[in-house]
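Student: Next up, protein18.txt (compact mmCIF, C-alpha atoms).
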```txt
# COMPACT_ATOMS: atom_id res chain seq x y z
CA MET K 28 1.74 10.53 29.31
CA SER K 29 5.16 11.00 27.73
CA PHE K 30 5.68 10.93 23.98
CA ALA K 31 7.81 7.79 24.33
CA ALA K 32 4.93 6.02 26.10
CA VAL K 33 2.52 7.06 23.33
CA VAL K 34 4.86 5.72 20.65
CA MET K 35 5.43 2.48 22.55
CA ARG K 36 1.69 1.99 22.92
CA ARG K 37 1.22 2.53 19.16
CA VAL K 38 3.98 0.05 18.36
CA VAL K 39 2.64 -2.61 20.70
CA TYR K 40 -0.98 -2.27 19.53
CA ARG K 41 0.00 -2.55 15.89
CA LEU K 42 2.39 -5.41 16.62
CA ILE K 43 -0.29 -7.38 18.45
CA ILE K 44 -2.79 -6.84 15.63
CA VAL K 45 -0.25 -8.01 13.04
CA GLN K 46 0.65 -11.04 15.17
CA VAL K 47 -3.00 -12.04 15.61
CA ILE K 48 -3.61 -11.75 11.87
CA LEU K 49 -0.50 -13.79 11.03
CA THR K 50 -1.42 -16.41 13.62
CA PHE K 51 -4.85 -16.88 12.06
CA ILE K 52 -3.43 -16.99 8.51
CA VAL K 53 -0.99 -19.75 9.46
CA ALA K 54 -3.64 -21.64 11.44
CA LEU K 55 -6.14 -21.44 8.57
CA ALA K 56 -3.46 -22.65 6.15
CA TYR K 57 -2.88 -25.67 8.40
CA LEU K 58 -6.63 -26.25 8.56
CA ALA K 59 -6.92 -26.09 4.77
CA PHE K 60 -3.92 -28.25 3.94
CA GLN K 61 -3.68 -30.60 6.91
CA ASN K 62 -6.18 -31.06 9.73
CA ILE K 63 -7.72 -29.53 12.84
CA ASN K 64 -4.77 -30.64 14.98
CA GLY K 65 -2.40 -28.54 12.88
CA PHE K 66 -4.80 -25.65 13.18
CA PHE K 67 -4.74 -25.73 16.98
CA ALA K 68 -0.97 -26.27 17.06
CA ALA K 69 -0.38 -23.25 14.81
CA LEU K 70 -2.71 -21.17 16.99
CA PHE K 71 -0.73 -22.28 20.02
CA GLY K 72 2.59 -21.39 18.35
CA GLY K 73 1.35 -17.94 17.45
CA SER K 74 0.02 -17.40 20.95
CA ILE K 75 3.51 -18.07 22.32
CA THR K 76 4.78 -15.05 20.43
CA LEU K 77 1.76 -12.99 21.47
CA SER K 78 2.27 -13.79 25.14
CA GLY K 79 5.94 -12.83 24.89
CA THR K 80 5.02 -9.54 23.22
CA VAL K 81 2.54 -8.67 25.94
CA LEU K 82 5.04 -9.60 28.65
CA MET K 83 7.80 -7.46 27.14
CA ALA K 84 5.44 -4.52 26.61
CA TRP K 85 4.50 -4.65 30.27
CA ARG K 86 8.16 -4.88 31.33
CA ILE K 87 9.18 -1.98 29.08
CA SER K 88 6.34 0.07 30.51
CA ARG K 89 7.58 -0.68 34.01
CA ALA K 90 11.13 0.16 32.93
CA GLY K 91 9.96 3.57 31.76
CA GLU K 92 8.29 4.23 35.09
CA ALA K 93 11.33 2.98 37.01
CA ALA K 94 13.76 4.97 34.88
CA SER K 95 11.99 8.17 35.83
CA THR K 96 13.26 7.65 39.39
CA GLU K 97 16.40 5.57 38.90
CA LYS K 98 17.99 4.77 35.52
CA GLN K 99 19.60 1.53 36.73
CA GLN K 100 16.22 0.08 37.77
CA GLY K 101 14.87 0.66 34.24
CA TYR K 102 17.68 -1.43 32.79
CA ILE K 103 17.07 -4.18 35.32
CA GLU K 104 13.37 -4.30 34.37
CA ILE K 105 14.25 -4.80 30.70
CA TYR K 106 16.75 -7.58 31.47
CA ILE K 107 14.26 -9.33 33.75
CA GLY K 108 11.66 -9.08 30.99
CA ALA K 109 14.01 -10.63 28.43
CA ILE K 110 14.77 -13.54 30.75
CA GLN K 111 11.08 -14.01 31.54
CA LYS K 112 10.19 -13.99 27.84
CA PHE K 113 12.85 -16.63 27.11
CA VAL K 114 11.66 -18.87 29.95
CA LEU K 115 7.99 -18.36 29.03
CA THR K 116 8.73 -19.35 25.43
CA LEU K 117 10.57 -22.51 26.51
CA VAL K 118 7.84 -23.50 28.96
CA LEU K 119 5.03 -22.94 26.46
CA MET K 120 6.90 -24.85 23.72
CA ALA K 121 7.44 -27.75 26.10
CA LEU K 122 3.81 -27.62 27.20
CA GLY K 123 2.51 -27.64 23.64
CA MET K 124 4.83 -30.29 22.25
CA GLY K 125 5.16 -32.46 25.34
CA TYR K 126 2.08 -32.33 27.52
CA LEU K 127 -0.55 -31.32 24.95
CA GLN K 128 1.02 -33.47 22.19
CA LEU K 129 0.42 -30.81 19.51
CA ASN K 130 2.11 -31.00 16.12
CA PRO K 131 5.66 -29.67 16.76
CA LEU K 132 6.15 -28.40 13.20
CA ALA K 133 2.88 -26.46 13.28
CA ILE K 134 3.83 -24.91 16.63
CA LEU K 135 7.22 -23.86 15.28
CA VAL K 136 5.78 -22.49 12.02
CA GLY K 137 3.12 -20.50 13.91
CA PHE K 138 5.77 -19.19 16.27
CA ALA K 139 8.29 -18.34 13.53
CA VAL K 140 5.84 -16.54 11.26
CA THR K 141 4.55 -14.37 14.08
CA GLN K 142 8.15 -13.60 15.09
CA LEU K 143 8.60 -12.12 11.60
CA SER K 144 6.08 -9.45 12.55
CA PHE K 145 8.82 -7.75 14.57
CA ILE K 146 10.62 -7.05 11.30
CA ALA K 147 7.55 -5.81 9.43
CA ASN K 148 6.15 -3.57 12.18
CA LYS K 149 6.40 0.02 10.99
CA VAL K 150 4.68 2.67 13.08
CA ASP K 151 4.69 6.42 12.55
CA THR K 152 6.77 7.94 15.35
CA SER K 153 6.44 11.57 14.39
CA PRO K 154 5.06 13.86 17.13
CA ALA K 155 2.37 15.24 14.80
CA SER K 156 0.46 11.94 14.74
CA SER K 157 -0.01 11.70 18.50
```
Now that the file is in, can you turn its structure into structure tokens?
Tutor:
Amino acid sequence: MSFAAVVMRRVVYRLIIVQVILTFIVALAYLAFQNINGFFAALFGGSITLSGTVLMAWRISRAGEAASTEKQQGYIEIYIGAIQKFVLTLVLMALGMGYLQLNPLAILVGFAVTQLSFIANKVDTSPASS
């Protein structure tokens, strides 16, 4: 496995752990200060971010494999992943707010807080820690 793949795996694992923790913190805050409906809506909002993270990690992994044979295909994989993540986010937001009738503010807060994990995710990328 290449060093880049090892680093990406570290980044994704840590990011998912941070997102799960943030999702539960927001959901528990909604449970404490509002009701069970807010709790489930916040969980749903956080899971939207989690699903997008997993999708992009898979696409980036495929891009790395594709780039080893043809550089252009790696770029295409990343663009396809970005489009899929955008569409997945829209569909899940519509599903949660429209069909499931979950609290829209709780969904958005759960989603937004877990999105902040992208800023706070710091992973050691030095070769010595592999």
Student: Do you have the CA of Ile44 in chain K-CA of Leu143 in chain K distance handy?
Tutor: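 Taking CA of Ile44 in chain K as the start and CA of Leu143 in chain K as the end point, the length is 13.2 Å.
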Student: Could you tell me how far CA of Ser88 in chain K sits from CA of Val53 in chain K, in Å to one decimal place?
Tutor: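 Spanning CA of Val53 in chain K to CA of Ser88 in chain K is a straight-line distance of 29.8 Å.
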Student: Would you mind reading off the distance between CA of Thr80 in chain K and CA of Ile48 in chain K, one decimal, in Å?
Tutor: 14.4 Å
Student: Give me the box for range 35-53 of chain K as lines of an AutoDock Vina configuration file, namely the centre and edge lengths in Å to one decimal of a box along x, y and z that holds every listed atom plus 3 Å on each side.
Tutor:
```
center_x = 0.3
center_y = -8.6
center_z = 15.7
size_x = 16.3
size_y = 28.3
size_z = 20.4
```
Student: Can you list, as a list in words, every protein, DNA or RNA residue that comes within 8 Å of Leu70 in chain K when you count all atoms listed in the file, leaving out same-chain residues fewer than 5 positions away?
Tutor: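 My list of contacting residues is Thr50, Phe51, Val53, Ala54, Ile134 and Gly137 of chain K.
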Student: Please write range 94-121 of chain K of the preceding block to a file containing N, CA and C atoms, as a compact mmCIF listing (two decimals), in the first residue's frame?
Tutor:
```txt
# COMPACT_ATOMS: atom_id res chain seq x y z
N ALA K 94 -5.55 6.49 -11.13
CA ALA K 94 -4.44 7.37 -11.51
C ALA K 94 -3.15 6.59 -11.73
N SER K 95 -3.08 5.40 -11.12
CA SER K 95 -1.88 4.60 -11.33
C SER K 95 -1.79 4.11 -12.78
N THR K 96 -2.91 4.03 -13.47
CA THR K 96 -2.91 3.61 -14.86
C THR K 96 -3.09 4.80 -15.81
N GLU K 97 -4.00 5.70 -15.47
CA GLU K 97 -4.26 6.85 -16.32
C GLU K 97 -4.66 8.04 -15.45
N LYS K 98 -3.86 9.09 -15.48
CA LYS K 98 -4.05 10.27 -14.63
C LYS K 98 -5.42 10.91 -14.84
N GLN K 99 -5.85 11.02 -16.06
CA GLN K 99 -7.14 11.65 -16.38
C GLN K 99 -8.30 10.93 -15.69
N GLN K 100 -8.26 9.61 -15.62
CA GLN K 100 -9.34 8.84 -15.00
C GLN K 100 -9.42 9.13 -13.49
N GLY K 101 -8.28 9.38 -12.85
CA GLY K 101 -8.27 9.74 -11.44
C GLY K 101 -9.02 11.04 -11.19
N TYR K 102 -8.79 12.01 -12.06
CA TYR K 102 -9.49 13.29 -11.93
C TYR K 102 -10.99 13.11 -12.13
N ILE K 103 -11.35 12.31 -13.09
CA ILE K 103 -12.78 12.06 -13.36
C ILE K 103 -13.45 11.44 -12.15
N GLU K 104 -12.78 10.49 -11.51
CA GLU K 104 -13.33 9.83 -10.32
C GLU K 104 -13.62 10.86 -9.21
N ILE K 105 -12.70 11.79 -9.02
CA ILE K 105 -12.89 12.80 -7.97
C ILE K 105 -14.05 13.72 -8.31
N TYR K 106 -14.18 14.15 -9.57
CA TYR K 106 -15.29 14.99 -9.97
C TYR K 106 -16.63 14.26 -9.84
N ILE K 107 -16.65 13.01 -10.23
CA ILE K 107 -17.88 12.22 -10.09
C ILE K 107 -18.26 12.11 -8.62
N GLY K 108 -17.26 11.89 -7.76
CA GLY K 108 -17.51 11.79 -6.33
C GLY K 108 -18.08 13.08 -5.75
N ALA K 109 -17.55 14.22 -6.19
CA ALA K 109 -18.06 15.51 -5.71
C ALA K 109 -19.52 15.72 -6.12
N ILE K 110 -19.83 15.36 -7.34
CA ILE K 110 -21.22 15.49 -7.82
C ILE K 110 -22.13 14.53 -7.05
N GLN K 111 -21.67 13.30 -6.86
CA GLN K 111 -22.47 12.33 -6.11
C GLN K 111 -22.70 12.80 -4.67
N LYS K 112 -21.68 13.35 -4.04
CA LYS K 112 -21.82 13.83 -2.66
C LYS K 112 -22.84 14.96 -2.59
N PHE K 113 -22.80 15.88 -3.55
CA PHE K 113 -23.75 16.99 -3.60
C PHE K 113 -25.17 16.48 -3.76
N VAL K 114 -25.37 15.56 -4.70
CA VAL K 114 -26.71 15.01 -4.94
C VAL K 114 -27.19 14.21 -3.73
N LEU K 115 -26.30 13.40 -3.15
CA LEU K 115 -26.66 12.61 -1.96
C LEU K 115 -27.09 13.53 -0.82
N THR K 116 -26.37 14.62 -0.62
CA THR K 116 -26.73 15.56 0.44
C THR K 116 -28.11 16.17 0.19
N LEU K 117 -28.36 16.59 -1.03
CA LEU K 117 -29.68 17.17 -1.36
C LEU K 117 -30.81 16.16 -1.17
N VAL K 118 -30.58 14.94 -1.63
CA VAL K 118 -31.62 13.91 -1.51
C VAL K 118 -31.89 13.57 -0.05
N LEU K 119 -30.84 13.42 0.74
CA LEU K 119 -31.04 13.09 2.15
C LEU K 119 -31.67 14.24 2.92
N MET K 120 -31.32 15.48 2.60
CA MET K 120 -31.97 16.64 3.24
C MET K 120 -33.46 16.65 2.90
N ALA K 121 -33.77 16.44 1.64
CA ALA K 121 -35.17 16.42 1.22
C ALA K 121 -35.92 15.27 1.88
```
